[in-house]
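Participant: Data file coords19.csv (CSV, C-alpha atoms) is appended below.
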chain,number,residue,atom,x,y,z
A,1,MET,CA,-74.1,-9.5,25.2
A,2,SER,CA,-70.8,-9.5,27.0
A,3,VAL,CA,-67.5,-8.5,25.4
A,4,THR,CA,-66.3,-12.1,25.5
A,5,GLN,CA,-69.3,-13.4,23.7
A,6,LEU,CA,-69.0,-10.7,21.1
A,7,ASN,CA,-65.4,-11.6,20.4
A,8,ILE,CA,-66.3,-15.3,20.1
A,9,LYS,CA,-69.1,-14.5,17.7
A,10,GLU,CA,-66.8,-12.3,15.5
A,11,SER,CA,-64.1,-15.0,15.5
A,12,LYS,CA,-66.7,-17.5,14.3
A,13,GLN,CA,-67.6,-15.3,11.4
A,14,VAL,CA,-64.0,-15.3,10.0
A,15,SER,CA,-63.2,-18.2,7.8
A,16,PRO,CA,-60.5,-20.7,8.8
A,17,LYS,CA,-58.4,-19.8,5.8
A,18,ALA,CA,-58.5,-16.1,6.8
A,19,GLN,CA,-57.5,-17.0,10.3
A,20,VAL,CA,-54.5,-18.9,9.1
A,21,VAL,CA,-53.5,-16.0,6.9
A,22,ALA,CA,-54.0,-13.5,9.7
A,23,PHE,CA,-52.1,-15.3,12.3
A,24,SER,CA,-49.4,-17.1,10.3
A,25,PRO,CA,-45.9,-15.6,10.8
A,26,ALA,CA,-44.4,-13.5,8.0
A,27,LYS,CA,-42.2,-15.6,5.7
A,28,PRO,CA,-38.5,-14.9,6.2
A,29,ARG,CA,-37.8,-15.3,2.5
A,30,ARG,CA,-37.9,-11.5,1.9
A,31,SER,CA,-35.4,-10.8,4.7
A,32,ILE,CA,-33.1,-13.6,3.5
A,33,VAL,CA,-33.1,-12.2,0.0
A,34,LEU,CA,-32.4,-8.7,1.3
A,35,MET,CA,-29.5,-10.0,3.4
A,36,ALA,CA,-28.0,-11.9,0.5
A,37,THR,CA,-28.4,-8.8,-1.7
A,38,GLU,CA,-26.6,-6.7,0.9
A,39,LYS,CA,-23.8,-9.1,1.3
A,40,ALA,CA,-23.4,-9.3,-2.5
A,41,ARG,CA,-23.3,-5.5,-2.6
A,42,ARG,CA,-20.6,-5.3,0.1
A,43,LEU,CA,-18.6,-8.0,-1.6
A,44,THR,CA,-18.8,-6.2,-4.9
A,45,ALA,CA,-17.8,-2.9,-3.4
A,46,THR,CA,-14.8,-4.6,-1.8
A,47,VAL,CA,-13.6,-6.8,-4.6
A,48,LEU,CA,-14.5,-4.9,-7.7
A,49,PRO,CA,-12.4,-1.7,-7.3
A,50,PRO,CA,-9.0,-3.6,-6.8
A,51,LEU,CA,-9.9,-5.9,-9.7
A,52,LEU,CA,-10.7,-3.0,-12.0
A,53,THR,CA,-7.5,-1.2,-10.9
A,54,LEU,CA,-5.4,-4.3,-11.5
A,55,ALA,CA,-7.0,-4.8,-15.0
A,56,LEU,CA,-6.2,-1.2,-15.9
A,57,LEU,CA,-2.6,-1.6,-14.7
A,58,VAL,CA,-2.1,-4.8,-16.7
A,59,LEU,CA,-3.6,-3.2,-19.8
A,60,ALA,CA,-1.3,-0.2,-19.5
A,61,TRP,CA,1.6,-2.6,-19.0
A,62,GLU,CA,0.7,-4.6,-22.0
A,63,ILE,CA,0.4,-1.4,-24.2
A,64,LEU,CA,3.6,0.2,-22.9
A,65,CYS,CA,5.7,-3.0,-23.2
A,66,SER,CA,4.3,-4.5,-26.4
A,67,SER,CA,7.0,-2.9,-28.6
A,68,PRO,CA,9.7,-5.4,-29.7
A,69,THR,CA,12.3,-2.9,-28.5
A,70,SER,CA,10.9,-2.7,-25.0
A,71,SER,CA,13.4,-3.8,-22.3
A,72,LEU,CA,10.7,-5.2,-20.1
A,73,PRO,CA,8.3,-8.0,-21.3
A,74,ALA,CA,4.6,-7.5,-21.6
A,75,PRO,CA,2.2,-9.6,-19.5
A,76,SER,CA,1.4,-11.9,-22.5
A,77,ARG,CA,5.1,-12.5,-23.0
A,78,VAL,CA,5.7,-13.2,-19.3
A,79,LEU,CA,3.0,-15.9,-19.5
A,80,SER,CA,4.4,-17.5,-22.6
A,81,GLU,CA,8.0,-17.5,-21.3
A,82,SER,CA,7.4,-18.5,-17.7
A,83,TRP,CA,4.4,-20.8,-18.2
A,84,GLU,CA,6.3,-23.9,-17.0
A,85,LEU,CA,7.4,-22.1,-13.9
A,86,ILE,CA,3.8,-21.0,-13.2
A,87,ILE,CA,2.1,-24.3,-13.7
A,88,HIS,CA,4.8,-26.4,-11.9
A,89,PRO,CA,5.3,-24.8,-8.5
A,90,PHE,CA,6.1,-28.1,-6.8
A,91,HIS,CA,8.9,-29.1,-9.2
A,92,VAL,CA,11.8,-30.9,-7.5
A,93,GLY,CA,15.1,-30.7,-9.1
A,94,GLN,CA,18.8,-30.7,-8.2
A,95,GLY,CA,20.2,-28.0,-6.0
A,96,VAL,CA,18.5,-24.7,-6.5
A,97,ASP,CA,16.5,-26.1,-9.4
A,98,GLN,CA,13.2,-26.1,-7.4
A,99,GLY,CA,9.7,-25.0,-8.0
A,100,MET,CA,8.4,-21.7,-6.6
A,101,PHE,CA,6.7,-23.4,-3.7
A,102,TRP,CA,9.9,-24.7,-2.3
A,103,HIS,CA,11.7,-21.4,-2.7
A,104,ILE,CA,8.9,-19.6,-0.9
A,105,ALA,CA,8.7,-22.3,1.8
A,106,ALA,CA,12.4,-22.0,2.5
A,107,SER,CA,12.1,-18.2,2.9
A,108,LEU,CA,9.0,-18.6,5.1
A,109,GLN,CA,10.9,-21.0,7.4
A,110,ARG,CA,13.6,-18.4,7.9
A,111,VAL,CA,11.1,-15.7,8.4
A,112,ALA,CA,9.0,-17.7,10.9
A,113,LEU,CA,12.0,-18.4,13.1
A,114,GLY,CA,13.5,-14.9,13.0
A,115,TYR,CA,10.1,-13.3,13.4
A,116,ALA,CA,9.1,-15.5,16.4
A,117,LEU,CA,12.4,-14.6,18.2
A,118,ALA,CA,11.8,-10.9,17.4
A,119,ALA,CA,8.2,-11.1,18.7
A,120,ILE,CA,9.2,-12.7,22.0
A,121,ALA,CA,12.2,-10.5,22.7
A,122,GLY,CA,10.5,-7.4,21.4
A,123,ILE,CA,7.5,-7.8,23.6
A,124,ALA,CA,9.7,-8.5,26.7
A,125,LEU,CA,11.9,-5.5,26.1
A,126,GLY,CA,8.9,-3.3,25.3
A,127,VAL,CA,7.3,-4.2,28.6
A,128,LEU,CA,10.5,-3.4,30.4
A,129,VAL,CA,11.0,0.0,28.7
A,130,GLY,CA,7.3,0.8,29.1
A,131,GLN,CA,7.2,-0.1,32.8
A,132,SER,CA,10.5,1.3,34.0
A,133,GLN,CA,11.7,4.9,33.6
A,134,TRP,CA,15.3,3.9,34.2
A,135,ALA,CA,15.1,1.2,31.5
A,136,MET,CA,13.5,3.7,29.1
A,137,ARG,CA,16.3,6.3,29.7
A,138,GLY,CA,19.0,3.7,29.4
A,139,LEU,CA,17.8,1.6,26.5
A,140,ASP,CA,15.7,3.9,24.4
A,141,PRO,CA,18.6,6.0,22.9
A,142,ILE,CA,20.4,2.7,22.0
A,143,PHE,CA,17.3,1.3,20.4
A,144,GLN,CA,16.7,4.5,18.4
A,145,ILE,CA,20.3,4.4,17.1
A,146,LEU,CA,20.3,0.6,16.2
A,147,ARG,CA,16.9,0.7,14.5
A,148,THR,CA,18.2,3.2,11.9
A,149,VAL,CA,20.8,0.7,10.7
A,150,PRO,CA,19.7,-0.8,7.3
A,151,PRO,CA,18.9,-4.5,7.5
A,152,LEU,CA,21.5,-5.6,5.0
A,153,ALA,CA,24.2,-3.7,6.9
A,154,TRP,CA,23.9,-6.4,9.6
A,155,LEU,CA,24.5,-9.2,7.1
A,156,PRO,CA,28.3,-9.0,6.9
A,157,LEU,CA,28.6,-8.9,10.7
A,158,SER,CA,26.2,-11.9,11.1
A,159,LEU,CA,28.2,-13.9,8.5
A,160,ALA,CA,31.4,-13.1,10.4
A,161,ALA,CA,29.7,-14.3,13.6
A,162,PHE,CA,27.8,-17.4,12.5
A,163,ARG,CA,29.9,-18.3,9.4
A,164,ASP,CA,26.8,-19.8,7.8
A,165,GLY,CA,24.2,-18.2,5.5
A,166,ASN,CA,21.1,-19.7,7.1
A,167,PRO,CA,21.5,-18.4,10.7
A,168,SER,CA,22.8,-15.1,9.3
A,169,ALA,CA,19.6,-14.6,7.4
A,170,ILE,CA,17.6,-15.5,10.5
A,171,PHE,CA,19.6,-12.9,12.5
A,172,VAL,CA,18.9,-10.3,9.9
A,173,ILE,CA,15.1,-11.0,10.2
A,174,PHE,CA,15.4,-10.8,13.9
A,175,ILE,CA,17.2,-7.5,14.0
A,176,THR,CA,14.9,-6.0,11.4
A,177,ALA,CA,11.6,-7.0,13.0
A,178,ILE,CA,12.3,-6.4,16.7
A,179,TRP,CA,12.3,-2.6,16.7
A,180,PRO,CA,8.7,-1.9,15.8
A,181,VAL,CA,7.6,-4.5,18.3
A,182,ILE,CA,9.7,-2.9,21.1
A,183,ILE,CA,8.5,0.6,20.3
A,184,ASN,CA,4.8,-0.2,20.0
A,185,THR,CA,4.7,-2.4,23.0
A,186,ALA,CA,6.4,0.3,25.1
A,187,VAL,CA,3.9,2.9,23.9
A,188,GLY,CA,1.0,0.5,24.7
A,189,ILE,CA,2.3,-0.1,28.2
A,190,ARG,CA,2.8,3.6,28.9
A,191,ASN,CA,-0.7,4.3,27.7
A,192,ILE,CA,-2.5,1.9,30.1
A,193,PRO,CA,-5.3,4.0,31.7
A,194,GLN,CA,-4.8,5.0,35.3
A,195,ASP,CA,-8.2,3.5,36.2
A,196,TYR,CA,-6.9,0.0,35.2
A,197,GLN,CA,-3.9,0.5,37.5
A,198,ASN,CA,-6.2,1.6,40.3
A,199,VAL,CA,-8.4,-1.5,39.9
A,200,ALA,CA,-5.3,-3.7,40.1
A,201,LYS,CA,-4.3,-2.0,43.4
A,202,VAL,CA,-7.8,-2.4,44.8
A,203,LEU,CA,-7.8,-6.1,43.9
A,204,ARG,CA,-4.2,-6.5,45.1
A,205,LEU,CA,-3.0,-8.3,42.0
A,206,ASN,CA,0.5,-9.6,42.1
A,207,GLY,CA,3.0,-9.0,39.3
A,208,PHE,CA,2.0,-12.0,37.3
A,209,GLU,CA,-1.7,-11.3,37.6
A,210,TYR,CA,-1.3,-7.7,36.7
A,211,PHE,CA,0.8,-8.7,33.7
A,212,GLY,CA,-1.7,-11.2,32.4
A,213,LYS,CA,-5.0,-9.6,33.3
A,214,ILE,CA,-4.3,-5.8,32.9
A,215,MET,CA,-1.1,-5.1,31.1
A,216,LEU,CA,-1.2,-7.4,28.1
A,217,PRO,CA,-4.9,-7.0,27.3
A,218,ALA,CA,-4.6,-3.2,27.5
A,219,ALA,CA,-1.5,-3.0,25.4
A,220,ALA,CA,-2.5,-5.8,22.9
A,221,PRO,CA,-3.7,-3.4,20.1
A,222,TYR,CA,-0.4,-1.6,20.2
A,223,ILE,CA,1.6,-4.9,20.3
A,224,PHE,CA,-0.2,-6.2,17.3
A,225,THR,CA,0.4,-3.0,15.4
A,226,GLY,CA,4.1,-3.5,16.0
A,227,LEU,CA,3.8,-7.2,15.0
A,228,ARG,CA,2.1,-6.3,11.8
A,229,ILE,CA,4.8,-3.8,10.9
A,230,GLY,CA,7.5,-6.4,11.9
A,231,ILE,CA,6.1,-9.1,9.6
A,232,GLY,CA,6.2,-6.8,6.6
A,233,LEU,CA,9.8,-5.8,7.4
A,234,SER,CA,10.8,-9.4,7.9
A,235,TRP,CA,9.5,-10.4,4.4
A,236,LEU,CA,11.3,-7.5,2.8
A,237,ALA,CA,14.6,-8.3,4.6
A,238,ILE,CA,14.6,-12.0,3.8
A,239,VAL,CA,14.3,-11.4,0.1
A,240,ALA,CA,17.2,-9.0,0.1
A,241,ALA,CA,19.3,-11.2,2.4
A,242,GLU,CA,18.8,-14.3,0.3
A,243,MET,CA,20.2,-12.5,-2.7
A,244,LEU,CA,23.5,-12.5,-1.0
A,245,ILE,CA,23.6,-15.7,1.0
A,246,GLY,CA,22.5,-18.0,-1.8
A,247,GLY,CA,20.8,-21.4,-1.4
A,248,VAL,CA,17.1,-22.2,-1.8
A,249,GLY,CA,14.9,-19.1,-1.3
A,250,ILE,CA,12.8,-16.6,-3.2
A,251,GLY,CA,15.5,-14.0,-2.9
A,252,PHE,CA,18.2,-16.2,-4.4
A,253,PHE,CA,15.8,-17.3,-7.1
A,254,ILE,CA,15.3,-13.7,-8.2
A,255,TRP,CA,19.1,-13.0,-8.2
A,256,ASP,CA,19.8,-16.2,-10.1
A,257,ALA,CA,17.1,-15.4,-12.7
A,258,TRP,CA,18.8,-12.0,-13.1
A,259,ASN,CA,22.1,-13.6,-13.7
A,260,SER,CA,20.5,-15.8,-16.3
A,261,SER,CA,18.7,-12.8,-17.9
A,262,LEU,CA,15.3,-14.4,-17.2
A,263,ILE,CA,13.3,-11.2,-16.7
A,264,SER,CA,9.9,-12.9,-17.0
A,265,ASP,CA,10.8,-15.3,-14.2
A,266,ILE,CA,11.8,-12.3,-12.0
A,267,ILE,CA,8.3,-10.8,-12.6
A,268,VAL,CA,6.6,-14.0,-11.7
A,269,ALA,CA,8.7,-14.3,-8.6
A,270,LEU,CA,7.8,-10.7,-7.6
A,271,VAL,CA,4.1,-11.5,-8.0
A,272,TYR,CA,4.6,-14.4,-5.6
A,273,VAL,CA,6.5,-12.2,-3.2
A,274,GLY,CA,3.7,-9.6,-3.2
A,275,VAL,CA,0.9,-12.1,-2.7
A,276,VAL,CA,2.8,-13.9,0.2
A,277,GLY,CA,3.6,-10.6,1.9
A,278,PHE,CA,-0.1,-9.6,1.7
A,279,LEU,CA,-1.2,-12.9,3.1
A,280,LEU,CA,1.3,-12.6,6.0
A,281,ASP,CA,0.0,-9.1,6.8
A,282,ARG,CA,-3.6,-10.3,6.7
A,283,LEU,CA,-2.7,-13.3,9.0
A,284,ILE,CA,-1.3,-11.1,11.7
A,285,ALA,CA,-4.2,-8.7,11.3
A,286,PHE,CA,-6.7,-11.6,11.7
A,287,VAL,CA,-4.9,-12.9,14.8
A,288,GLY,CA,-4.8,-9.4,16.2
A,289,ARG,CA,-8.6,-9.0,15.8
A,290,LEU,CA,-9.2,-12.4,17.5
A,291,VAL,CA,-6.9,-11.7,20.4
A,292,THR,CA,-8.1,-8.1,21.0
A,293,ARG,CA,-11.7,-8.8,20.1
A,294,GLY,CA,-11.8,-6.3,17.3
A,295,THR,CA,-10.1,-3.4,19.2
A,296,ALA,CA,-6.8,-3.7,17.2
A,297,ASN,CA,-6.5,-1.6,14.1
A,298,ALA,CA,-4.3,-4.2,12.4
Starting from the file, lay out its structure as structure tokens.
Facilitator:
Amino acid sequence: MSVTQLNIKESKQVSPKAQVVAFSPAKPRRSIVLMATEKARRLTATVLPPLLTLALLVLAWEILCSSPTSSLPAPSRVLSESWELIIHPFHVGQGVDQGMFWHIAASLQRVALGYALAAIAGIALGVLVGQSQWAMRGLDPIFQILRTVPPLAWLPLSLAAFRDGNPSAIFVIFITAIWPVIINTAVGIRNIPQDYQNVAKVLRLNGFEYFGKIMLPAAAPYIFTGLRIGIGLSWLAIVAAEMLIGGVGIGFFIWDAWNSSLISDIIVALVYVGVVGFLLDRLIAFVGRLVTRGTANA
């Protein structure tokens, strides 16, 4: 009997049900359950620690400030005194009597304009300083001196120049955010590998092609590091600047609440400031990962 006939005979001896079981593909249910379990475990490991830490801090705050003689309100008192402010963020009133959403939106508009100008000018100057030794020797000492000036020290000068609070605040944002962008961009340009430059010479890329295909992609992780630092400094500066220039804005809201002795409202505003600052930082980090395909540490 041949081997083929033997295999056919053996296959006939196996029942159709056994053949289906033997040759049916493994059910993916087990792998799906394992993947879902692993994702849930990673999510728990990411979310649970900060939630527990926050709960402990709120509990300690409640305990320490629960005394009637405490100068700061406890969390429960903050909720009771500022409940209307919390549940009505879109309130529209007269003048500065606006909900928290409108104050934050006004601040974000100023930050967006000042930060965009700082990003454009900072990247351009960073490329110049990183590419040219003469530009680095001439501009770097000036940059190092100007970047040590506190942001609010520029506000009186900007008010004298623009004679209006809104452009003055935008200028403060610009002058605050530009320095980390310049410095990190210049470092990224100077750290372009020599192999990349050799490839550009072999391919005979012109200046624009070298800038778009070699320089920017290679320096992008450094640039987004500077942009991430800059957005944090911008949000810090606008809150401080708005305390002095007045008008609608989260900084002025905090200062006005202080003048009205509304400590609970100040605490609520600080929570909003922290959350918005965190979201801005995450936004720049997300864009950086997309642009650099995960190579940026932002």
Participant: Report, in Å with one decimal, the straight-line distance from CA of Val149 in chain A to CA of Pro221 in chain A.
Facilitator: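 Answer for the CA of Val149 in chain A to CA of Pro221 in chain A separation: 26.6 Å.
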Participant: Of the residues A:Leu79, A:Leu290, A:Leu157, A:Leu108, which is the one nearest to Ile250 in chain A, using all atoms listed in the file?
Facilitator: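 Checking each of A:Leu79, A:Leu290, A:Leu157, A:Leu108 against Ile250 in chain A, counting all atoms listed in the file, the winner is A:Leu108.
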Participant: Which polymer residues have any atom within 8 Å of an atom of range 224-241 of chain A, counting only C-alpha atoms, with same-chain residues fewer than 3 positions away left out, as JSON, numbers by chain?
Facilitator: {"A": [107, 110, 111, 114, 115, 119, 151, 152, 155, 169, 172, 173, 174, 176, 177, 178, 179, 180, 181, 182, 183, 184, 185, 220, 221, 244, 245, 249, 250, 251, 252, 277, 280, 281, 284, 285, 288, 296, 297, 298]}
Participant: Hey, which of A:Leu270, A:Met215, A:Glu242, A:His91 ends up closest to Ala200 in chain A? Count only C-alpha atoms.
Facilitator: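 For Ala200 in chain A, the nearest of the candidates is A:Met215.
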Participant: Using Å and a single decimal, report how far CA of Ile86 in chain A sits from CA of Leu43 in chain A.
Facilitator: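 That distance, rounded to one decimal, is 28.4 Å.
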Participant: Using only C-alpha atoms, which residue out of A:Leu117, A:Val287, A:Ile263, A:Ile189 lies closest to Gln133 in chain A?
Facilitator: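 The closest residue to Gln133 in chain A is A:Ile189.
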Participant: Between A:Ala186, A:Ser66, A:Val47, A:Met243, which residue has the minimum interatomic distance to Ala257 in chain A, considering only C-alpha atoms?
Facilitator: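 Using only C-alpha atoms, the shortest distance to Ala257 in chain A belongs to A:Met243.
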Participant: Name the residues in contact with Gly95 in chain A at a cut-off of 12 Å, using only C-alpha atoms, excluding same-chain residues fewer than 5 positions from it; report them as JSON, numbers by chain.
Facilitator: {"A": [102, 103, 246, 247, 248, 249, 253]}
Participant: Would you mind exporting the chosen residues as a PDB file, keeping the file's coordinate frame, restricted to C-alpha atoms?
Facilitator:
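Saved result, part_23.pdb, follows:
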ATOM      1  CA  TRP A 102       9.900 -24.700  -2.300  1.00  0.00           C
ATOM      2  CA  HIS A 103      11.700 -21.400  -2.700  1.00  0.00           C
ATOM      3  CA  GLY A 246      22.500 -18.000  -1.800  1.00  0.00           C
ATOM      4  CA  GLY A 247      20.800 -21.400  -1.400  1.00  0.00           C
ATOM      5  CA  VAL A 248      17.100 -22.200  -1.800  1.00  0.00           C
ATOM      6  CA  GLY A 249      14.900 -19.100  -1.300  1.00  0.00           C
ATOM      7  CA  PHE A 253      15.800 -17.300  -7.100  1.00  0.00           C
TER       8      PHE A 253
END
Participant: Distance CA of Ala269 in chain A-CA of Met100 in chain A, one decimal place?
Facilitator: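 These atoms are spaced 7.7 Å apart.
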Participant: Closest to Asn166 in chain A among A:Pro73, A:Val78, A:Ser132, A:Ala106, using all atoms listed in the file?
Facilitator: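 Ranked by minimum distance to Asn166 in chain A, first place goes to A:Ala106.
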